[in-house]
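The structure appears right after this line, and notes come after that.
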2 protein chains.
Amino acid sequence: MKNIAFDVMGNDNGPKFAVAAAKNFVSKNPNFKIFLVGNKEQMGDVKENENIKIIDVREEIDPSKGVLAARDSNTSMAQAVKMVKDGIADAIISSGDSGSLLSISVLQLKRIKGISRPAFMPILPTIKGDNKTLLLDAGANLVTTSEMLVQWAHIASIYASEVFGIKKPKVGIINIGSEDKKGNDFQKEANEKLKNSKLIYKGFIESRDLLNSIVDVAVVDGYAGNMVLKTMEGTALSLFKVLKDELTSSLKNKIGALLSKSAYKNVKKRLDYRNIGAALIIGLNGIAIKTHGNSDEMAYMGALNQIKLAIENDVINKIKGVV
Amino acid sequence: MKNIAFDVMGNDNGPKFAVAAAKNFVSKNPNFKIFLVGNKEQMGDVKENENIKIIDVREEIDPSKGVLAARDSNTSMAQAVKMVKDGIADAIISSGDSGSLLSISVLQLKRIKGISRPAFMPILPTIKGDNKTLLLDAGANLVTTSEMLVQWAHIASIYASEVFGIKKPKVGIINIGSEDKKGNDFQKEANEKLKNSKLIYKGFIESRDLLNSIVDVAVVDGYAGNMVLKTMEGTALSLFKVLKDELTSSLKNKIGALLSKSAYKNVKKRLDYRNIGAALIIGLNGIAIKTHGNSDEMAYMGALNQIKLAIENDVINKIKGVV
């Protein structure tokens, strides 16, 4: 039996979607047990069984407390992370405040030896079939060094080959242009280092090509990475909104939209971030996943499936074996 | 008569779209004269008249020469910019290398007093009607100070009120979160300065909200601004590609798409960057506009219309009157 600690608090809509996803996930994966960590009273109707267990924790993380929030060991987030540290769970998932989850995870799980700083690593969809691109760092580190970019390139490559089965993952550094002379010093240094590494390194890439599956691993400083991720999300949402708007603007358009319904469904399925759902905090001595604060059941299912792959492929030990 | 110097070289597809747009534009705006600057032999069939004049310049800018490229006064780009400096033209438009155009424009036209560094300023479409958002800097400056953000906020506000007629333009700083504590020092400093300014300042905003028309002016360092712009562009293009893909995947989908044709046209019209087309180099003592290297006639028309508004509203003098 594999075990997941699920901090169900910190979602904009309360714990209901987390609970629903947990039930759904274990029904499909009976070899998994999920610990629902949080305020039991808010969880609604949950029947405990060998796959679902409630850990009733009434205190929730308060990110306004800053660093102190992460040092409070009584919150549902801290309790859930501790279960991984104590070996009770194999992974922790939370929608709570990113900064707090990062601090708590680093404090309790520690970094993998050789990794200076963990990174947020979402899995981006691409327009080429089932291909995906790992983006890191999506915002864990405001300041990034060339060493960090190089380390991330290595560990994400291991992830791509172990979890996605890509034998020789292609790596790129996101920059404001593809020529070697472009960008900041830390990027130019990392560019040279990766050229001389054993990775399949494609040089600088531009964020406009990210969804075209030109690389399997795209490394970037956390500041720009966060902007890139949020811009993608916002642009896709805005475009879908305008499309809906226009398709419902006349009867003719409505009939057309109805006929092409399956096409829209497929577009959303192919490019909706909720199918991907979550950012792994990579570089930690354990599996920790941060999900969107507005995650719904589908988003949580995506994250739980990501956890499943990471656990079943023993990804942390694979990384440790190399770096 | 208003005059525009059009560097027609540097487009991926040769000068044909520039020439077509110039003809089209002057036919609609007989009070404008366009100087087509570039290799006459490549321009195709152009009849000179009182609205169209050819300046035959055979040398093209070679960005691989780096700083030297900008110092070569014989290129079509340099010649076109010089026409503004010499008072022959009221504005210069070029699809050539961004860095070279920036250098040449700063060298020849000089900065407006009080502006430390010019910025690339594209006009973003939004999902709210005809509202637009000015984004700056989209990549002229890799390193940005708080003073630069504050200066850009001021000059872009003048642009928004003079050109778009927005009485009290709303300003925001793009950051990785909306809380005051987020981001880099230069952002936090600019945040405080803008709070104490006379501008309508909305604080930190996130790039995911940019297309929602939450501000009229969004300032950001050139590094992140460039990433944001390219991510938007790439995400929109990828989404349209997937949509087209799916809508042509079956007969039923095709029929639906045909019925909803006008809806798609409107979506593209509302969010396609070609309707907006170009980035003004703001902060210069003159109007200079950089257009995409793959601009088509429609993109150039957008840029020429933008130039028209800037000239007719005497925007450079309005800025000079305030900063």
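In the structure tokens, the first chain shown is A, the next is B, and so on; residue numbers restart at 1 for each chain, and ligands run from 1 in the order shown.
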Contact set, chain B to chain A: 9 Å, only C-alpha atoms, as an MDAnalysis selection string
chainID B and resid 126:127 139 142:143 174:176 183:184 206:212 223:239 241:243 245:250 252:264 266:267 270:271
Name the residues of region 147-206 of chain A that fall into alpha helix (DSSP H) according to DSSP on the backbone, using the chain letters and numbers of this document, as a list in words.
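Those residues are Glu147, Met148, Leu149, Val150, Gln151, Trp152, Ala153, His154, Ile155, Ala156, Ser157, Ile158, Tyr159, Ala160, Ser161, Glu162, Val163, Asp185, Phe186, Gln187, Lys188, Glu189, Ala190, Asn191, Glu192, Lys193, Leu194 and Lys195 of chain A.
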Report the residues of region 39-181 of chain A whose backbone DSSP state falls under strand (DSSP E), written as a PyMOL selection string.
chain A and resi 52-56+91-94+119-125+132-136+170-174
Among the residues B:Leu199, B:Ile52, B:Lys110, B:Asp12, the one that comes closest to Ser27 (chain B) [using only C-alpha atoms]
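Checking each candidate against Ser27 (chain B), we get B:Ile52 as the closest.
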Atomic distance CA of Met121 (chain B) - CA of Lys170 (chain B), expressed in Å with one decimal
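These two atoms are separated by 16.0 Å.
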Could you tell me how far CA of Gly14 (chain A) sits from CA of Val67 (chain A), in Å to one decimal place?
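CA of Gly14 (chain A) lies at a distance of 23.9 Å from CA of Val67 (chain A).
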